[in-house]
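Before any comments, here is the structure.
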Amino acid sequence: MAIIATFHGIKRGRFDATLHVARWLRDDPHDLIHKAVGWMLREIGKRNRRVEETFLTQHAARMPPTMLRYAIERFPERRRQRYLAGRPQRGSAQRT
């Protein structure tokens with residue numbers, strides 16, 4: 001519930017609470033939590049891809065696969081494959 005409650009802020013361009021809760025829940029053992037966190041990260045990316053990719057660059061290697069897949073669902077195929085392979089490129093939030 002905590003991560004979903006941050007959606008209100010995301011819609012208004014405020015991402016700090018979501019990113020804080022996402023860091024806190026990154027290691028949660030429950031799959032439904034992974035889906036919710038990934039969804040909120042994807043919502044951030046719809047509004048500001050650079051913010052989402054900065055978070056992913058720092059945390060993707062430790063994120064559960066479901067969380068990562070949800071977060072990168074709308075990325076271009078090539079970019080998504082890089083994240084799934086564990087090879088995101090730093091500073092490439094503008095590139096595909």
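Each chain of the structure tokens is named A, B, ... in the order shown, its residues numbered from 1; ligands are numbered from 1 in display order.
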Exercise. Which neighbours of A:His34 fall inside 6 Å, counting only C-alpha atoms, when residues of the same chain fewer than 2 positions from it are skipped, and could you give them as a ChimeraX atom specification?
Worked result: /A:31-32,36-37,66-67
Write the residues of the selection above to a file with C-alpha atoms, as a CSV table (one decimal), in the first residue's frame.
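Dumped everything to part05.csv:
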chain,number,residue,atom,x,y,z
A,31,ASP,CA,5.9,-10.9,-5.8
A,32,LEU,CA,2.9,-8.5,-5.6
A,36,ALA,CA,3.6,-2.6,-7.5
A,37,VAL,CA,7.1,-1.1,-7.2
A,66,THR,CA,9.4,-9.1,-11.8
A,67,MET,CA,10.1,-5.6,-10.4
Can you check which parts of stretch 23-63 of chain A lie within 9 Å of stretch 2-11 of chain A? Per residue, the shortest pair of atoms and distance in Å to one decimal, counting only C-alpha atoms, sorted by chain and number, as CSV.
residue,atom,partner,partner_atom,distance
A:Leu25,CA,A:Ile3,CA,8.5
A:Ile33,CA,A:Ile3,CA,8.4
A:Ala36,CA,A:Ile3,CA,6.9
A:Val37,CA,A:Ile3,CA,6.3
A:Trp39,CA,A:Ile4,CA,9.0
A:Met40,CA,A:Phe7,CA,6.9
A:Glu43,CA,A:Ile10,CA,7.2
A:Ile44,CA,A:Ile10,CA,6.3
A:Arg47,CA,A:Ile10,CA,8.1
Based on the selection just made, write N, CA, C and O atoms of those residues as a PDB file, in the first residue's frame.
ATOM      1  N   LEU A  25      11.556  -1.120  -0.399  1.00  0.00           N
ATOM      2  CA  LEU A  25      10.867  -2.369  -0.747  1.00  0.00           C
ATOM      3  C   LEU A  25      11.624  -3.231  -1.760  1.00  0.00           C
ATOM      4  O   LEU A  25      11.179  -4.335  -2.076  1.00  0.00           O
ATOM      5  N   ILE A  33       4.399  -7.157  -4.259  1.00  0.00           N
ATOM      6  CA  ILE A  33       5.131  -5.916  -3.936  1.00  0.00           C
ATOM      7  C   ILE A  33       6.048  -5.561  -5.106  1.00  0.00           C
ATOM      8  O   ILE A  33       6.148  -4.402  -5.509  1.00  0.00           O
ATOM      9  N   ALA A  36       4.015  -3.961  -7.842  1.00  0.00           N
ATOM     10  CA  ALA A  36       3.586  -2.600  -7.507  1.00  0.00           C
ATOM     11  C   ALA A  36       4.744  -1.611  -7.605  1.00  0.00           C
ATOM     12  O   ALA A  36       4.579  -0.506  -8.148  1.00  0.00           O
ATOM     13  N   VAL A  37       5.911  -1.992  -7.112  1.00  0.00           N
ATOM     14  CA  VAL A  37       7.074  -1.093  -7.182  1.00  0.00           C
ATOM     15  C   VAL A  37       7.468  -0.869  -8.642  1.00  0.00           C
ATOM     16  O   VAL A  37       7.702   0.266  -9.067  1.00  0.00           O
ATOM     17  N   TRP A  39       5.596  -1.058 -11.237  1.00  0.00           N
ATOM     18  CA  TRP A  39       4.548  -0.235 -11.846  1.00  0.00           C
ATOM     19  C   TRP A  39       4.780   1.244 -11.531  1.00  0.00           C
ATOM     20  O   TRP A  39       4.731   2.096 -12.423  1.00  0.00           O
ATOM     21  N   MET A  40       5.063   1.566 -10.263  1.00  0.00           N
ATOM     22  CA  MET A  40       5.266   2.965  -9.899  1.00  0.00           C
ATOM     23  C   MET A  40       6.542   3.517 -10.539  1.00  0.00           C
ATOM     24  O   MET A  40       6.585   4.680 -10.951  1.00  0.00           O
ATOM     25  N   GLU A  43       5.621   4.392 -13.959  1.00  0.00           N
ATOM     26  CA  GLU A  43       4.851   5.648 -13.985  1.00  0.00           C
ATOM     27  C   GLU A  43       5.776   6.856 -13.890  1.00  0.00           C
ATOM     28  O   GLU A  43       5.541   7.872 -14.544  1.00  0.00           O
ATOM     29  N   ILE A  44       6.825   6.746 -13.096  1.00  0.00           N
ATOM     30  CA  ILE A  44       7.823   7.827 -13.046  1.00  0.00           C
ATOM     31  C   ILE A  44       8.441   7.990 -14.431  1.00  0.00           C
ATOM     32  O   ILE A  44       8.584   9.103 -14.934  1.00  0.00           O
ATOM     33  N   ARG A  47       6.800  10.038 -17.036  1.00  0.00           N
ATOM     34  CA  ARG A  47       6.875  11.477 -16.822  1.00  0.00           C
ATOM     35  C   ARG A  47       8.301  12.019 -16.916  1.00  0.00           C
ATOM     36  O   ARG A  47       8.514  13.165 -17.299  1.00  0.00           O
TER      37      ARG A  47
END
Problem set entry | Picked from chain A by DSSP as helix (DSSP H, G or I), as a VMD selection string | chain A and resid 2 to 5 7 to 11 16 to 25 31 to 47 49 to 62 65 to 71 77 to 84
For this session: For A:Pro65, list every protein, DNA or RNA residue within 9 Å, evaluated using only C-alpha atoms, and leave out those in the same chain fewer than 4 positions away; present the list as an NGL selection string.
Result: :A and (34 or 60 or 69-70 or 84)
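For the residues A:Arg12, A:Leu19, A:Pro76, A:Gly86, ranking by smallest atom-to-atom distance to A:Thr54 using only C-alpha atoms places A:Leu19 first.
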Exercise. Out of A:Lys35, A:Arg49, A:Arg82, A:Arg14, which residue has the shortest atom-to-atom distance to A:Ala61 when counting only C-alpha atoms?
Worked result: A:Arg82
Problem set entry | Nearest residue to A:Arg26 from the set A:Arg50, A:Gln81, A:Leu68, A:Glu73 (distances using only C-alpha atoms) | A:Leu68
For this session: Can you work out which one of A:Trp24, A:Gly13, A:Ile72, A:Glu77 has the shortest atom-to-atom distance to A:Glu52, counting only C-alpha atoms?
Result: A:Ile72
For this session: Grab the atom CA of A:Lys46 to atom CA of A:Pro29 distance for me, in Å with one decimal place.
Result: 26.3 Å
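Counting only C-alpha atoms, the residue from A:Leu41, A:Ala85, A:Ala71, A:His59 that sits nearest to A:Ala17 is A:Leu41.
Nearest residue to A:Thr57 among A:Tyr83, A:Arg74, A:Asp28, A:Arg23 is A:Tyr83, counting only C-alpha atoms.
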